[in-house]
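Engineer: My structure is in run_3.cif, and what it holds is mmCIF, C-alpha atoms and all ligand atoms:
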data_entry
loop_
_atom_site.group_PDB
_atom_site.id
_atom_site.type_symbol
_atom_site.label_atom_id
_atom_site.label_comp_id
_atom_site.auth_asym_id
_atom_site.auth_seq_id
_atom_site.Cartn_x
_atom_site.Cartn_y
_atom_site.Cartn_z
ATOM 1 C CA THR A 265 0.000 0.000 0.000
ATOM 2 C CA ALA A 266 1.012 3.624 -0.541
ATOM 3 C CA THR A 267 3.216 4.549 2.402
ATOM 4 C CA LEU A 268 5.993 6.982 3.169
ATOM 5 C CA TYR A 269 8.694 5.075 5.059
ATOM 6 C CA VAL A 270 11.018 7.402 7.003
ATOM 7 C CA VAL A 271 14.168 5.293 6.997
ATOM 8 C CA ALA A 272 17.197 5.903 9.244
ATOM 9 C CA THR A 273 20.583 5.137 7.685
ATOM 10 C CA PRO A 274 24.042 4.723 9.313
ATOM 11 C CA ILE A 275 26.025 7.718 10.658
ATOM 12 C CA GLY A 276 29.344 6.151 9.678
ATOM 13 C CA ASN A 277 29.592 2.397 9.896
ATOM 14 C CA VAL A 278 27.443 1.007 7.046
ATOM 15 C CA THR A 279 26.753 -2.218 8.913
ATOM 16 C CA ASP A 280 24.587 -0.206 11.315
ATOM 17 C CA ILE A 281 21.798 -0.262 8.718
ATOM 18 C CA THR A 282 18.870 -2.300 10.008
ATOM 19 C CA LEU A 283 17.456 -5.410 8.324
ATOM 20 C CA ARG A 284 14.079 -3.690 8.153
ATOM 21 C CA ALA A 285 15.592 -0.622 6.485
ATOM 22 C CA LEU A 286 17.184 -2.844 3.817
ATOM 23 C CA HIS A 287 13.930 -4.727 3.316
ATOM 24 C CA LEU A 288 11.878 -1.550 2.878
ATOM 25 C CA LEU A 289 14.474 0.129 0.658
ATOM 26 C CA ALA A 290 14.346 -2.969 -1.548
ATOM 27 C CA LEU A 291 10.527 -2.760 -1.705
ATOM 28 C CA ALA A 292 10.367 0.998 -2.357
ATOM 29 C CA ASP A 293 9.291 2.285 -5.772
ATOM 30 C CA VAL A 294 11.330 5.423 -5.213
ATOM 31 C CA VAL A 295 13.879 6.631 -2.675
ATOM 32 C CA ALA A 296 13.722 10.338 -1.764
ATOM 33 C CA CYS A 297 17.150 11.463 -0.587
ATOM 34 C CA GLU A 298 19.289 14.545 0.079
ATOM 35 C CA ASP A 299 22.081 13.544 -2.261
ATOM 36 C CA THR A 300 21.483 10.910 -4.939
ATOM 37 C CA ARG A 301 25.224 10.120 -5.176
ATOM 38 C CA LYS A 302 25.580 9.406 -1.457
ATOM 39 C CA THR A 303 22.384 7.388 -1.207
ATOM 40 C CA GLY A 304 23.177 5.647 -4.509
ATOM 41 C CA ALA A 305 26.508 4.524 -3.031
ATOM 42 C CA LEU A 306 24.814 3.240 0.132
ATOM 43 C CA LEU A 307 22.207 1.321 -1.872
ATOM 44 C CA ALA A 308 24.898 -0.123 -4.184
ATOM 45 C CA ARG A 309 26.802 -1.329 -1.127
ATOM 46 C CA PHE A 310 23.829 -3.603 -0.414
ATOM 47 C CA GLY A 311 23.259 -4.600 -4.035
ATOM 48 C CA LEU A 312 20.242 -2.288 -4.505
ATOM 49 C CA SER A 313 19.596 -0.053 -7.469
ATOM 50 C CA LYS A 314 16.582 2.208 -7.107
ATOM 51 C CA GLN A 315 14.964 5.189 -8.689
ATOM 52 C CA MET A 316 15.967 8.183 -6.562
ATOM 53 C CA VAL A 317 14.600 11.713 -6.321
ATOM 54 C CA ALA A 318 16.412 14.592 -4.666
ATOM 55 C CA ALA A 319 14.626 16.043 -1.627
ATOM 56 C CA HIS A 320 16.971 18.466 0.095
ATOM 57 C CA GLN A 321 16.595 21.701 2.050
ATOM 58 C CA HIS A 322 16.385 23.826 -1.121
ATOM 59 C CA ASN A 323 13.571 21.934 -2.854
ATOM 60 C CA GLU A 324 11.775 20.180 -0.017
ATOM 61 C CA ARG A 325 8.374 21.787 -0.580
ATOM 62 C CA GLU A 326 8.268 21.017 -4.327
ATOM 63 C CA ALA A 327 9.639 17.537 -3.645
ATOM 64 C CA ALA A 328 6.885 17.034 -1.057
ATOM 65 C CA ASP A 329 4.156 17.817 -3.624
ATOM 66 C CA LYS A 330 5.648 15.377 -6.117
ATOM 67 C CA LEU A 331 5.992 12.649 -3.504
ATOM 68 C CA VAL A 332 2.386 13.143 -2.369
ATOM 69 C CA ALA A 333 1.291 12.687 -6.009
ATOM 70 C CA ARG A 334 3.327 9.487 -6.284
ATOM 71 C CA LEU A 335 1.886 8.168 -3.025
ATOM 72 C CA ARG A 336 -1.627 8.968 -4.280
ATOM 73 C CA ALA A 337 -0.808 6.883 -7.336
ATOM 74 C CA GLY A 338 -0.166 3.978 -4.979
ATOM 75 C CA GLU A 339 3.631 3.993 -4.806
ATOM 76 C CA ARG A 340 5.815 3.119 -1.837
ATOM 77 C CA VAL A 341 8.246 5.913 -1.033
ATOM 78 C CA ALA A 342 11.323 5.603 1.210
ATOM 79 C CA LEU A 343 12.685 8.852 2.637
ATOM 80 C CA VAL A 344 16.326 8.927 3.758
ATOM 81 C CA SER A 345 18.867 11.641 4.572
ATOM 82 C CA ASP A 346 22.642 11.566 4.094
ATOM 83 C CA ALA A 347 23.167 10.073 7.540
ATOM 84 C CA GLY A 348 21.128 9.095 10.567
ATOM 85 C CA THR A 349 17.456 9.810 11.073
ATOM 86 C CA PRO A 350 15.674 12.017 8.516
ATOM 87 C CA ALA A 351 14.007 15.162 9.905
ATOM 88 C CA VAL A 352 16.431 15.319 12.867
ATOM 89 C CA SER A 353 18.675 18.308 12.034
ATOM 90 C CA ASP A 354 18.113 17.135 8.466
ATOM 91 C CA PRO A 355 15.480 17.639 5.751
ATOM 92 C CA GLY A 356 12.366 15.502 5.897
ATOM 93 C CA ALA A 357 9.922 17.227 8.248
ATOM 94 C CA ARG A 358 8.192 19.176 5.473
ATOM 95 C CA ILE A 359 7.713 16.042 3.426
ATOM 96 C CA VAL A 360 6.282 14.145 6.394
ATOM 97 C CA ASP A 361 4.038 17.126 7.155
ATOM 98 C CA ALA A 362 2.704 17.272 3.572
ATOM 99 C CA VAL A 363 2.106 13.517 3.475
ATOM 100 C CA ARG A 364 0.245 13.619 6.796
ATOM 101 C CA ASP A 365 -1.801 16.626 5.627
ATOM 102 C CA ALA A 366 -2.782 14.619 2.560
ATOM 103 C CA GLY A 367 -4.097 11.921 4.906
ATOM 104 C CA LEU A 368 -1.553 9.380 3.675
ATOM 105 C CA ASN A 369 0.342 6.753 5.644
ATOM 106 C CA VAL A 370 3.713 7.550 7.336
ATOM 107 C CA VAL A 371 5.766 4.754 8.912
ATOM 108 C CA PRO A 372 9.053 5.370 10.772
ATOM 109 C CA VAL A 373 11.858 2.855 10.291
ATOM 110 C CA PRO A 374 14.157 3.637 13.221
ATOM 111 C CA GLY A 375 17.920 3.320 13.378
ATOM 112 C CA CYS A 376 20.907 5.543 14.048
ATOM 113 C CA SER A 377 20.825 9.076 15.292
ATOM 114 C CA ALA A 378 24.055 10.789 16.336
ATOM 115 C CA ALA A 379 22.337 12.370 19.377
ATOM 116 C CA VAL A 380 21.153 9.138 20.967
ATOM 117 C CA THR A 381 24.361 7.320 19.982
ATOM 118 C CA ALA A 382 26.450 9.956 21.815
ATOM 119 C CA LEU A 383 24.158 10.000 24.858
ATOM 120 C CA SER A 384 24.357 6.228 25.217
ATOM 121 C CA ALA A 385 28.141 6.190 25.634
ATOM 122 C CA SER A 386 28.533 9.429 27.584
ATOM 123 C CA GLY A 387 27.987 8.279 31.144
ATOM 124 C CA LEU A 388 26.023 11.460 31.798
ATOM 125 C CA VAL A 389 22.639 11.261 33.497
ATOM 126 C CA ASN A 390 20.334 11.189 30.497
ATOM 127 C CA ASP A 391 16.918 10.866 32.136
ATOM 128 C CA ARG A 392 16.273 14.226 30.555
ATOM 129 C CA PHE A 393 18.018 15.683 27.566
ATOM 130 C CA HIS A 394 17.425 18.774 25.528
ATOM 131 C CA PHE A 395 18.164 18.534 21.828
ATOM 132 C CA VAL A 396 19.781 21.823 20.810
ATOM 133 C CA GLY A 397 21.014 20.667 17.389
ATOM 134 C CA PHE A 398 23.174 23.220 15.578
ATOM 135 C CA LEU A 399 23.868 26.458 17.449
ATOM 136 C CA PRO A 400 23.829 29.736 15.484
ATOM 137 C CA ALA A 401 26.996 30.370 13.450
ATOM 138 C CA LYS A 402 27.290 33.978 14.656
ATOM 139 C CA ALA A 403 29.018 34.353 18.036
ATOM 140 C CA LYS A 404 26.548 36.907 19.471
ATOM 141 C CA GLN A 405 23.509 34.796 18.632
ATOM 142 C CA ARG A 406 25.241 31.647 19.837
ATOM 143 C CA GLU A 407 26.108 33.239 23.171
ATOM 144 C CA ALA A 408 22.559 34.540 23.611
ATOM 145 C CA GLU A 409 21.157 31.084 22.985
ATOM 146 C CA LEU A 410 23.630 29.472 25.396
ATOM 147 C CA ALA A 411 22.746 32.009 28.099
ATOM 148 C CA GLY A 412 19.161 30.809 27.808
ATOM 149 C CA LEU A 413 20.259 27.187 28.236
ATOM 150 C CA ALA A 414 22.659 27.660 31.159
ATOM 151 C CA ARG A 415 20.129 26.935 33.943
ATOM 152 C CA MET A 416 18.497 23.973 32.239
ATOM 153 C CA SER A 417 18.804 20.778 34.273
ATOM 154 C CA ALA A 418 18.633 18.437 31.274
ATOM 155 C CA THR A 419 21.757 17.224 29.450
ATOM 156 C CA LEU A 420 22.246 19.455 26.386
ATOM 157 C CA VAL A 421 22.837 17.804 23.012
ATOM 158 C CA ILE A 422 24.633 20.012 20.503
ATOM 159 C CA TYR A 423 25.587 19.191 16.900
ATOM 160 C CA GLU A 424 28.603 20.898 15.419
ATOM 161 C CA ALA A 425 30.462 20.996 12.135
ATOM 162 C CA PRO A 426 34.266 20.572 12.219
ATOM 163 C CA HIS A 427 35.119 24.078 11.000
ATOM 164 C CA ARG A 428 33.161 25.655 13.860
ATOM 165 C CA ILE A 429 34.063 23.364 16.750
ATOM 166 C CA VAL A 430 36.739 25.630 18.283
ATOM 167 C CA ASP A 431 34.467 28.708 18.253
ATOM 168 C CA CYS A 432 31.642 26.618 19.631
ATOM 169 C CA VAL A 433 33.740 25.316 22.535
ATOM 170 C CA ALA A 434 34.983 28.837 23.315
ATOM 171 C CA SER A 435 31.343 29.972 23.617
ATOM 172 C CA LEU A 436 30.469 26.939 25.748
ATOM 173 C CA ALA A 437 33.398 27.615 28.089
ATOM 174 C CA ALA A 438 32.215 31.203 28.524
ATOM 175 C CA ALA A 439 28.580 30.234 29.136
ATOM 176 C CA PHE A 440 28.858 27.347 31.617
ATOM 177 C CA GLU A 441 30.519 26.806 34.987
ATOM 178 C CA PRO A 442 34.128 25.541 34.715
ATOM 179 C CA THR A 443 33.257 22.372 36.649
ATOM 180 C CA ARG A 444 30.384 21.368 34.355
ATOM 181 C CA GLN A 445 31.096 18.073 32.569
ATOM 182 C CA VAL A 446 31.259 18.074 28.804
ATOM 183 C CA VAL A 447 31.465 15.087 26.456
ATOM 184 C CA PHE A 448 32.867 15.259 22.937
ATOM 185 C CA ALA A 449 31.634 12.433 20.715
ATOM 186 C CA ARG A 450 33.598 12.638 17.488
ATOM 187 C CA GLU A 451 33.381 10.468 14.357
ATOM 188 C CA LEU A 452 30.913 8.087 16.006
ATOM 189 C CA THR A 453 30.926 4.542 14.575
ATOM 190 C CA LYS A 454 33.839 5.502 12.269
ATOM 191 C CA LEU A 455 37.496 4.483 12.234
ATOM 192 C CA PHE A 456 38.682 7.449 14.312
ATOM 193 C CA GLU A 457 35.827 7.459 16.784
ATOM 194 C CA GLU A 458 36.729 9.371 19.917
ATOM 195 C CA ILE A 459 34.589 9.991 22.991
ATOM 196 C CA HIS A 460 36.174 12.302 25.524
ATOM 197 C CA ARG A 461 34.742 13.523 28.791
ATOM 198 C CA CYS A 462 36.234 16.412 30.753
ATOM 199 C CA ARG A 463 35.334 19.512 32.735
ATOM 200 C CA MET A 464 34.314 22.651 30.872
ATOM 201 C CA LYS A 465 37.500 24.428 32.010
ATOM 202 C CA GLU A 466 39.590 21.772 30.177
ATOM 203 C CA ALA A 467 37.501 21.660 27.006
ATOM 204 C CA LEU A 468 39.140 24.332 24.864
ATOM 205 C CA ALA A 469 42.662 23.069 25.594
ATOM 206 C CA TRP A 470 41.574 19.525 24.696
ATOM 207 C CA ILE A 471 40.128 20.554 21.329
ATOM 208 C CA LYS A 472 43.205 22.583 20.472
ATOM 209 C CA ALA A 473 45.712 19.933 21.639
ATOM 210 C CA ASP A 474 45.435 17.918 18.408
ATOM 211 C CA PRO A 475 44.685 19.487 15.002
ATOM 212 C CA ASN A 476 42.892 16.268 13.997
ATOM 213 C CA ARG A 477 40.218 17.200 16.510
ATOM 214 C CA GLU A 478 39.141 20.069 14.271
ATOM 215 C CA ARG A 479 38.139 17.480 11.702
ATOM 216 C CA GLY A 480 35.224 15.146 11.685
ATOM 217 C CA GLU A 481 31.726 15.460 13.001
ATOM 218 C CA PHE A 482 30.896 16.206 16.600
ATOM 219 C CA VAL A 483 28.136 15.758 19.083
ATOM 220 C CA VAL A 484 28.862 17.854 22.168
ATOM 221 C CA LEU A 485 27.001 16.963 25.352
ATOM 222 C CA VAL A 486 26.873 19.344 28.284
ATOM 223 C CA GLU A 487 25.898 18.111 31.719
ATOM 224 C CA GLY A 488 22.681 19.700 32.981
ATOM 225 C CA ALA A 489 22.705 22.387 35.681
ATOM 226 C CA VAL A 490 22.382 21.017 39.198
ATOM 227 C CA ALA A 491 19.564 23.263 40.392
ATOM 228 C CA GLU A 492 18.922 21.551 43.738
ATOM 229 C CA ASN A 493 22.562 21.813 44.716
ATOM 230 C CA ASP A 494 22.598 25.520 43.997
ATOM 231 C CA ASP A 495 19.551 25.984 46.225
ATOM 232 C CA ALA A 496 21.174 23.873 48.933
ATOM 233 C CA LEU A 497 24.377 25.937 48.701
ATOM 234 C CA GLU A 498 22.427 29.162 48.977
ATOM 235 C CA ALA A 499 20.503 27.852 51.994
ATOM 236 C CA GLU A 500 23.756 26.778 53.646
ATOM 237 C CA ALA A 501 25.358 30.189 52.972
ATOM 238 C CA ASP A 502 22.293 31.811 54.511
ATOM 239 C CA ARG A 503 22.491 29.591 57.568
ATOM 240 C CA VAL A 504 26.185 30.438 58.111
ATOM 241 C CA LEU A 505 25.459 34.147 57.622
ATOM 242 C CA GLN A 506 22.740 34.043 60.294
ATOM 243 C CA ILE A 507 25.169 32.388 62.763
ATOM 244 C CA LEU A 508 27.848 34.985 61.999
ATOM 245 C CA LEU A 509 25.379 37.863 62.334
ATOM 246 C CA ALA A 510 24.175 36.501 65.681
ATOM 247 C CA GLU A 511 27.790 36.207 66.907
ATOM 248 C CA CYS A 512 28.848 39.655 65.698
ATOM 249 C CA PRO A 513 28.858 42.395 68.287
HETATM 250 N N1 LIG B 601 20.063 13.241 10.945
HETATM 251 C C1 LIG B 601 21.304 13.068 11.668
HETATM 252 C C2 LIG B 601 21.027 12.343 12.978
HETATM 253 O O1 LIG B 601 20.018 11.648 13.078
HETATM 254 O O2 LIG B 601 21.820 12.417 13.915
HETATM 255 C C3 LIG B 601 21.996 14.400 11.873
HETATM 256 C C4 LIG B 601 22.440 15.070 10.598
HETATM 257 S S1 LIG B 601 23.193 16.628 10.833
HETATM 258 C C5 LIG B 601 23.110 17.346 9.224
HETATM 259 C C6 LIG B 601 24.898 16.272 10.899
HETATM 260 C C7 LIG B 601 25.464 16.449 12.303
HETATM 261 O O3 LIG B 601 25.157 15.289 13.075
HETATM 262 C C8 LIG B 601 26.976 16.570 12.355
HETATM 263 O O4 LIG B 601 27.425 17.909 12.166
HETATM 264 C C9 LIG B 601 27.285 16.078 13.750
HETATM 265 O O5 LIG B 601 27.027 17.080 14.714
HETATM 266 C C10 LIG B 601 26.236 14.954 13.897
HETATM 267 N N2 LIG B 601 26.800 13.680 13.416
HETATM 268 C C11 LIG B 601 26.401 12.966 12.350
HETATM 269 N N3 LIG B 601 27.152 11.838 12.234
HETATM 270 C C12 LIG B 601 28.044 11.858 13.254
HETATM 271 C C13 LIG B 601 29.077 10.989 13.678
HETATM 272 N N4 LIG B 601 29.370 9.886 12.997
HETATM 273 N N5 LIG B 601 29.798 11.322 14.782
HETATM 274 C C14 LIG B 601 29.522 12.451 15.469
HETATM 275 N N6 LIG B 601 28.555 13.310 15.110
HETATM 276 C C15 LIG B 601 27.820 13.027 14.026
#
Show how you would write the structure in this file as structure tokens.
Structural biologist:
Amino acid sequence: TATLYVVATPIGNVTDITLRALHLLALADVVACEDTRKTGALLARFGLSKQMVAAHQHNEREAADKLVARLRAGERVALVSDAGTPAVSDPGARIVDAVRDAGLNVVPVPGCSAAVTALSASGLVNDRFHFVGFLPAKAKQREAELAGLARMSATLVIYEAPHRIVDCVASLAAAFEPTRQVVFARELTKLFEEIHRCRMKEALAWIKADPNRERGEFVVLVEGAVAENDDALEAEADRVLQILLAECP
């Protein structure tokens, strides 16, 4: 039946593709993707050759209309992005929105996402996390956004491109307490995978210590603010102050 399958693909290691993803890609009449060369290479790796249509951030609305028409004609459409889960810091949401608006079927086919992959190996308390995605490229806007996140108790999940990682870490170091834990998850599932945890005060020096660290893709996790502890500290300071005031002549 006519269905849009939202299919997650690997974020590095191709063997992370799921059996269900392969099955549905094989069944699809058309694969909507960001980059037909990249997706073509992934499909070829698994012996698949499929009709592909480009659906990227610059043509997503037009692509959505065309895909809705194909679904109405009874086709099965698989939607993928270059890496990980479509519509998560990637194109796809507009297509899903249009297909839902048209009253057609949408089925998620879960798999990798860099955010959850990084969280799982971080050792941070991840009962709550806040997905920030990409921070603004401009320093002023980035700092304003970080100021708004500084008191949040959830772990923060930030995506960053290699050419901006140093600037990003400098802004993080300015926005958060020096003792806050930070985890750098770099090149996840790839040959040079590196997951490093340190305090915020050590973060900039760590990034700069090896020029290779300014390459590759990053998820940066920032430990959430410990609100209760701050309150407890304030209460304790108050208690001590009262004792001192009572003792003072
Ligand atoms: N849709 C993807 C997902 O589900 O995670 C995210 C795509 S977004 C355009 C690309 C960003 O995801 C990168 O800049 C990086 O922050 C993160 N990312 C993707 N693959 C990664 C990997 N192998 N290691 C670390 N971060 C990765």
Engineer: Nearest to Val352 in chain A: which of A:Ala327, A:Ser313, A:Val270, A:Asp280 is it, counting all atoms listed in the file?
Structural biologist: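 Using all atoms listed in the file, the shortest distance to Val352 in chain A belongs to A:Val270.
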Engineer: Selected by the PyMOL selection byres (((chain A and resi 282-298) around 10) and not hetatm) in the shown coordinates: which residues, as a PyMOL selection string?
Structural biologist: chain A and resi 266-274+278-281+299-304+307+310-324+327-328+331+334-335+338-347+350+354-356+359+372-376
Engineer: Find the residue from A:Ala469, A:Val484, A:Val371, A:Leu410 that sits nearest to Val447 in chain A; use all atoms listed in the file when measuring.
Structural biologist: A:Val484
Engineer: Using all atoms listed in the file, which residues sit within 8 Å of Ala385 in chain A once same-chain residues fewer than 3 positions away are excluded, as JSON, numbers by chain?
Structural biologist: {"A": [381, 382, 459]}
Engineer: Could you state the separation of CA of Asn369 in chain A and CA of Thr349 in chain A in Å, given to one decimal place?
Structural biologist: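 CA of Thr349 in chain A lies 18.2 Å from CA of Asn369 in chain A.
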Engineer: If I wrap all listed atoms of ligand LIG 601 (chain B) in a box with edges along x, y and z and add 3 Å on each side, what are its centre and edge lengths in Å to one decimal, as JSON?
Structural biologist:
{"center_x": 24.9, "center_y": 13.9, "center_z": 12.3, "size_x": 15.8, "size_y": 14.0, "size_z": 12.2}
Engineer: What's the separation between CA of Lys454 in chain A and atom N5 of ligand LIG 601 (chain B), in Å to one decimal place?
Structural biologist: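 Result for CA of Lys454 in chain A versus atom N5 of ligand LIG 601 (chain B): 7.5 Å, one decimal.
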Engineer: Could you work out how far CA of Arg428 in chain A lies from CA of Leu388 in chain A, giving the answer in Å with one decimal?
Structural biologist: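 Atom-to-atom, CA of Leu388 in chain A and CA of Arg428 in chain A are spaced 24.0 Å apart.
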Engineer: Applied to the shown file, which residues does the PyMOL selection byres (((not hetatm)) within 7 of (chain B and resi 601)) return, written as a list in words?
Structural biologist: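 Residues picked by the PyMOL selection byres (((not hetatm)) within 7 of (chain B and resi 601)): Ile275, Gly276, Ser345, Ala347, Gly348, Thr349, Pro350, Ala351, Val352, Ser353, Asp354, Cys376, Ser377, Ala378, Ala379, Ile422, Tyr423, Glu424, Ala425, Ala449, Arg450, Glu451, Leu452, Thr453, Lys454, Glu481, Phe482 and Val483 of chain A.
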Engineer: Mind checking which residues fall within 12 Å of range 414-421 of chain A, counting only C-alpha atoms, ignoring those fewer than 2 positions away in the same chain, and posting them as an MDAnalysis selection string?
Structural biologist: chainID A and resid 353 377:384 386:399 407:412 423:424 435:441 444:449 482:494
Engineer: Which is closest to Phe456 in chain A among A:Ala337, A:Pro426, A:Pro442, A:Arg479, if we use all atoms listed in the file?
Structural biologist: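 Of all the options, A:Arg479 lies closest to Phe456 in chain A.
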